[in-house]
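Q: Here it is, the structure in full.
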2 protein chains.
Amino acid sequence: MIDKLDFLLALARECHFGRAADACGVTQPTLSAGIKQLEETLGVLLVNRGSRFRSFTPEGERVLDWARRIVGDARALREDINALRHGLTGRLRIAAIPTALAMVASLTTPFRARHPNVQFTILSRTSIEVLAELDNLEIDAGITYLDNEPLGRVNTIPLYPERYRLLTSTGAPLGERTSVTWAEVAQVPLCLLTPDMQNRRIINRLLNRTGAESRPMLESDSMIVLFSHVRTGKWASVMPAKLAETLGLTQTLRAIPIVEPDEVHTIGLVIPQREPMTPLTAALVAEAQRLAPALSD
Amino acid sequence: MIDKLDFLLALARECHFGRAADACGVTQPTLSAGIKQLEETLGVLLVNRGSRFRSFTPEGERVLDWARRIVGDARALREDINALRHGLTGRLRIAAIPTALAMVASLTTPFRARHPNVQFTILSRTSIEVLAELDNLEIDAGITYLDNEPLGRVNTIPLYPERYRLLTSTGAPLGERTSVTWAEVAQVPLCLLTPDMQNRRIINRLLNRTGAESRPMLESDSMIVLFSHVRTGKWASVMPAKLAETLGLTQTLRAIPIVEPDEVHTIGLVIPQREPMTPLTAALVAEAQRLAPALSD
DNA sequence: TTGTTTGATTGATTTAGCCTATTGAAAATG
DNA sequence: CATTTTCAATAGGCTAAATCAATCAAACAA
């Protein structure tokens, strides 16, 4: 039963019988049969098919909701008992928005000191993807904006405020200033994240509000790309203050506060709303709560 | 997997492999094998055995907690999808303390008018048993005291206040009074519930507080026994006001308020703390919330 | 058309679940 | 202390379920 519900979850993730089967480690006929059997025992059609996967029926969506709970709890059970036996072990899968990626280290490092046998998988994702994968049980926790998009059935632990800095070099335009306005930033050629990232949308909104047209010269979905361009001294970018500090400022590389408006967004840990939590998630939450006071300036 | 967890739940209820197997509709070797398989997949001993069932290990208790959730959710899934297909159907299992049994009709009757295809099982239980069976998933809801014993992981919906009346006949001692004190009641030979019932313990406490020794002449675990004795005109009892009214007063049968102190306890619906609720439970809660205002005098 | 993708179907094989019968050990009983 | 009873584990055998590899048919795309 639980295996079949897991099949359904995989199908929801992949929208494709074959790939879903691969993800579950079974062959495609096995997964097809599993879904069909679910439909028979429940007496309803769960998937709209037409020679290929189309969508879930309303009943299918409902079953998916329950499947997320039940499969999640079944995993938590194993994890819980494992933790009782061997202490905390296993793998913690975390997805973070690009601007928060650099700070993950300040969460994982003290965590690892406490629980040396836990492995990590850290993924770079958009804020939308973070929430979707949290729902799908593809990740255990996310790090994203807490105060913008509607969060689903999740619990949140605030980590730090995101404030914006113009990252540029002495010698470049605005490079010697102690603060700049968004209107001034709008005049500078920038390296920014791609528009599917919420950080970019926030910056766009702030730039457009000045009336000026923002014309980023370079887009990427990777902060490393943006930062390495700025490090050449020939480019500028807008980054969260925390990130700029983490990546390291030099004598010529400066992070200049941007004012008017001095907007702030909260970044935090997002975990599935499950009571009780899995031991790994509980430990991560504890670590986040220890870390948060040190980060909130 | 879910079946095995169900085996474990049955074993927790029965504390006996054979009876647990019966309850699950399988033979004893099947259940034994199921438990053993659970232990193997989780890698821990769940049950302390010594030629017969002794107890659960700490890990076993932990697995039981999860099993309650997972099995409960799996049932809720089926019920939920069934409700989508055929409207509300199935069986609602309710356990109530004896003094609340008569009022169950005012919950079930309007419920049945709204959902004609739902069947009921109503059980008379002590308040302790109500909570235990709620935990074990043996019942869907309970009706018991909300303000006395510590309730576990449950949600509550207040239904009505329980106030106490001396149920006796004109002609009998105190039979003509408009109110009596607990000290006076203590002097009368009474028919009361057995001491395992919380109602009896409440009455005992109130009687003993007057300093007098309470000497019930007749004990029973059935309100029908108590009431039929009082109806002969030769006996008296202490009953909740709501119950006396429901059973019906006559010209000679009187329910006299007992004062000093005028103690009140709240009776309510108790349901498992599960989000979302099963459709049947949700409908019952809705009915209880409609009913409560009419009952709270 | 022709080749590709995708999910259903088929038939063989392995696995899991369950039952009856029996055994062994501890408790209860005389 | 001997006997009986109770209880759970074990053994052996059967059936149903699960899974896989291979194939098929429909829908697309080129």
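Residues in the structure tokens are numbered from 1 in each chain, the chains being A, B, ... in the order shown, and ligands are numbered from 1 in the order shown.
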Could you pull out the residues in stretch 144-238 of chain A that DSSP calls strand (DSSP E) from the backbone, as a ChimeraX atom specification?
A: /A:144-145,154-169,180-181,190-193,218-220,236-238
Q: As number ranges by chain, please: the residues near stretch 7-21 of chain D (cut-off 9 Å, only C-alpha atoms (C1' of nucleotides), same-chain neighbours under 5 positions excluded).
A: A: 26-27, 29-30; B: 16-18, 28-29, 32, 49-53; C: 12-19, 21-24, 26
Q: Specify as a list in words all residues of chain C found within 10 Å of chain A, counting only C-alpha atoms (C1' of nucleotides).
A: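 Listing them in order of chain and number gives DT5, DT6, DG7, DA8 and DT9 of chain C.
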Q: Convert the current residue selection to file output with N, CA, C and O atoms (P, O5', C5', C4', C3', O3' and C1' of nucleotides), as a PDB file, in the first residue's frame.
A:
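File selection.pdb, as written:
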ATOM      1  P    DT C   5      12.889   8.541 -28.819  1.00  0.00           P
ATOM      2  O5'  DT C   5      11.597   8.870 -27.950  1.00  0.00           O
ATOM      3  C5'  DT C   5      10.788   9.983 -28.301  1.00  0.00           C
ATOM      4  C4'  DT C   5       9.415   9.828 -27.678  1.00  0.00           C
ATOM      5  C3'  DT C   5       9.429   9.313 -26.246  1.00  0.00           C
ATOM      6  O3'  DT C   5       8.622  10.164 -25.463  1.00  0.00           O
ATOM      7  C1'  DT C   5       7.921   8.065 -27.562  1.00  0.00           C
ATOM      8  P    DT C   6       8.610  10.083 -23.861  1.00  0.00           P
ATOM      9  O5'  DT C   6       7.316   9.188 -23.597  1.00  0.00           O
ATOM     10  C5'  DT C   6       6.048   9.668 -24.002  1.00  0.00           C
ATOM     11  C4'  DT C   6       5.009   8.594 -23.772  1.00  0.00           C
ATOM     12  C3'  DT C   6       5.131   7.896 -22.417  1.00  0.00           C
ATOM     13  O3'  DT C   6       3.930   8.071 -21.719  1.00  0.00           O
ATOM     14  C1'  DT C   6       4.838   6.340 -24.166  1.00  0.00           C
ATOM     15  P    DG C   7       3.869   7.979 -20.153  1.00  0.00           P
ATOM     16  O5'  DG C   7       2.873   6.766 -19.943  1.00  0.00           O
ATOM     17  C5'  DG C   7       1.552   6.877 -20.465  1.00  0.00           C
ATOM     18  C4'  DG C   7       1.059   5.522 -20.870  1.00  0.00           C
ATOM     19  C3'  DG C   7       0.922   4.511 -19.719  1.00  0.00           C
ATOM     20  O3'  DG C   7      -0.387   4.009 -19.712  1.00  0.00           O
ATOM     21  C1'  DG C   7       2.033   3.550 -21.560  1.00  0.00           C
ATOM     22  P    DA C   8      -0.946   3.056 -18.591  1.00  0.00           P
ATOM     23  O5'  DA C   8      -1.375   1.791 -19.457  1.00  0.00           O
ATOM     24  C5'  DA C   8      -2.275   1.974 -20.546  1.00  0.00           C
ATOM     25  C4'  DA C   8      -2.371   0.688 -21.345  1.00  0.00           C
ATOM     26  C3'  DA C   8      -2.728  -0.543 -20.517  1.00  0.00           C
ATOM     27  O3'  DA C   8      -3.673  -1.322 -21.232  1.00  0.00           O
ATOM     28  C1'  DA C   8      -0.658  -0.887 -21.618  1.00  0.00           C
ATOM     29  P    DT C   9      -4.269  -2.627 -20.575  1.00  0.00           P
ATOM     30  O5'  DT C   9      -3.402  -3.806 -21.183  1.00  0.00           O
ATOM     31  C5'  DT C   9      -3.102  -3.808 -22.570  1.00  0.00           C
ATOM     32  C4'  DT C   9      -2.359  -5.096 -22.938  1.00  0.00           C
ATOM     33  C3'  DT C   9      -2.707  -6.309 -22.074  1.00  0.00           C
ATOM     34  O3'  DT C   9      -3.000  -7.383 -22.950  1.00  0.00           O
ATOM     35  C1'  DT C   9      -0.357  -5.993 -22.152  1.00  0.00           C
TER      36       DT C   9
END
Q: Give me, as a PyMOL selection string, all polymer residues having an atom no more than 7 Å from stretch 163-174 of chain B, counting only C-alpha atoms (C1' of nucleotides) and skipping those fewer than 3 positions away in the same chain.
A: chain B and resi 177+230+233+235-241+252-258+263-264
Q: Find the residues of chain A in contact range of chain B, meaning any atom within 7 Å when counting only C-alpha atoms, and list them as a list in words.
A: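 Every residue meeting the condition is included here: Met1, Ile2, Leu42, Glu59, Val63, Trp66, Ile70, Asp73, Leu77, Arg78 and Ile81 of chain A.
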Q: Atom C1' of C:DG30 and atom C1' of D:DT3 are how many Å apart?
A: 7.9 Å
Q: What is the atom CA of A:Pro110 to atom CA of A:Leu146 distance in Å?
A: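 We find that atom CA of A:Pro110 and atom CA of A:Leu146 lie 23.0 Å from each other.
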Q: I need the residues in stretch 21-226 of chain A that are alpha helix (DSSP H) according to DSSP; give them as a PyMOL selection string.
A: chain A and resi 21-24+28-42+58-86+105-114+127-135+182-185+198-209+223-226
Q: Would you pick out the contacts of A:Leu192 at 7 Å or less, using only C-alpha atoms (C1' of nucleotides), so that residues sharing its chain but fewer than 3 positions from it are not included, and give the list as a PyMOL selection string?
A: chain A and resi 200+216+218-220+226+237-238
Q: Could the residues in this selection be written to a file with N, CA and C atoms, as a compact mmCIF listing (two decimals), in the first residue's frame?
A:
# COMPACT_ATOMS: atom_id res chain seq x y z
N ARG A 200 15.58 38.35 -8.04
CA ARG A 200 15.58 39.22 -9.21
C ARG A 200 14.27 39.99 -9.31
N PRO A 216 19.81 44.91 -16.98
CA PRO A 216 20.95 44.08 -16.54
C PRO A 216 21.76 43.64 -17.75
N LEU A 218 24.00 41.23 -17.68
CA LEU A 218 24.31 39.80 -17.63
C LEU A 218 23.37 39.13 -16.65
N GLU A 219 22.79 38.01 -17.07
CA GLU A 219 21.92 37.24 -16.19
C GLU A 219 22.51 35.86 -15.98
N SER A 220 22.31 35.29 -14.80
CA SER A 220 22.70 33.91 -14.56
C SER A 220 21.83 33.35 -13.44
N LEU A 226 27.82 35.52 -11.09
CA LEU A 226 27.69 36.96 -10.85
C LEU A 226 28.90 37.48 -10.07
N SER A 237 26.92 44.36 -9.29
CA SER A 237 25.74 43.54 -9.05
C SER A 237 25.04 44.04 -7.80
N VAL A 238 23.81 43.57 -7.62
CA VAL A 238 23.10 43.84 -6.37
C VAL A 238 22.98 42.53 -5.63
Q: May I ask which of the residues A:Asn155, A:Thr99, A:Asn208, A:Gln119 is the closest one to A:Met277, counting only C-alpha atoms?
A: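 That would be A:Asn155, the residue with the smallest distance to A:Met277.
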Q: Distance atom CA of A:Lys234-atom CA of A:Gly175, one decimal place?
A: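 Distance reported for this atom pair: 11.2 Å.
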Q: At a cut-off of 9 Å, using only C-alpha atoms (C1' of nucleotides), what residues contact A:Asn148? Leave out same-chain residues fewer than 6 positions from it and give the result as a count of residues only.
A: 3
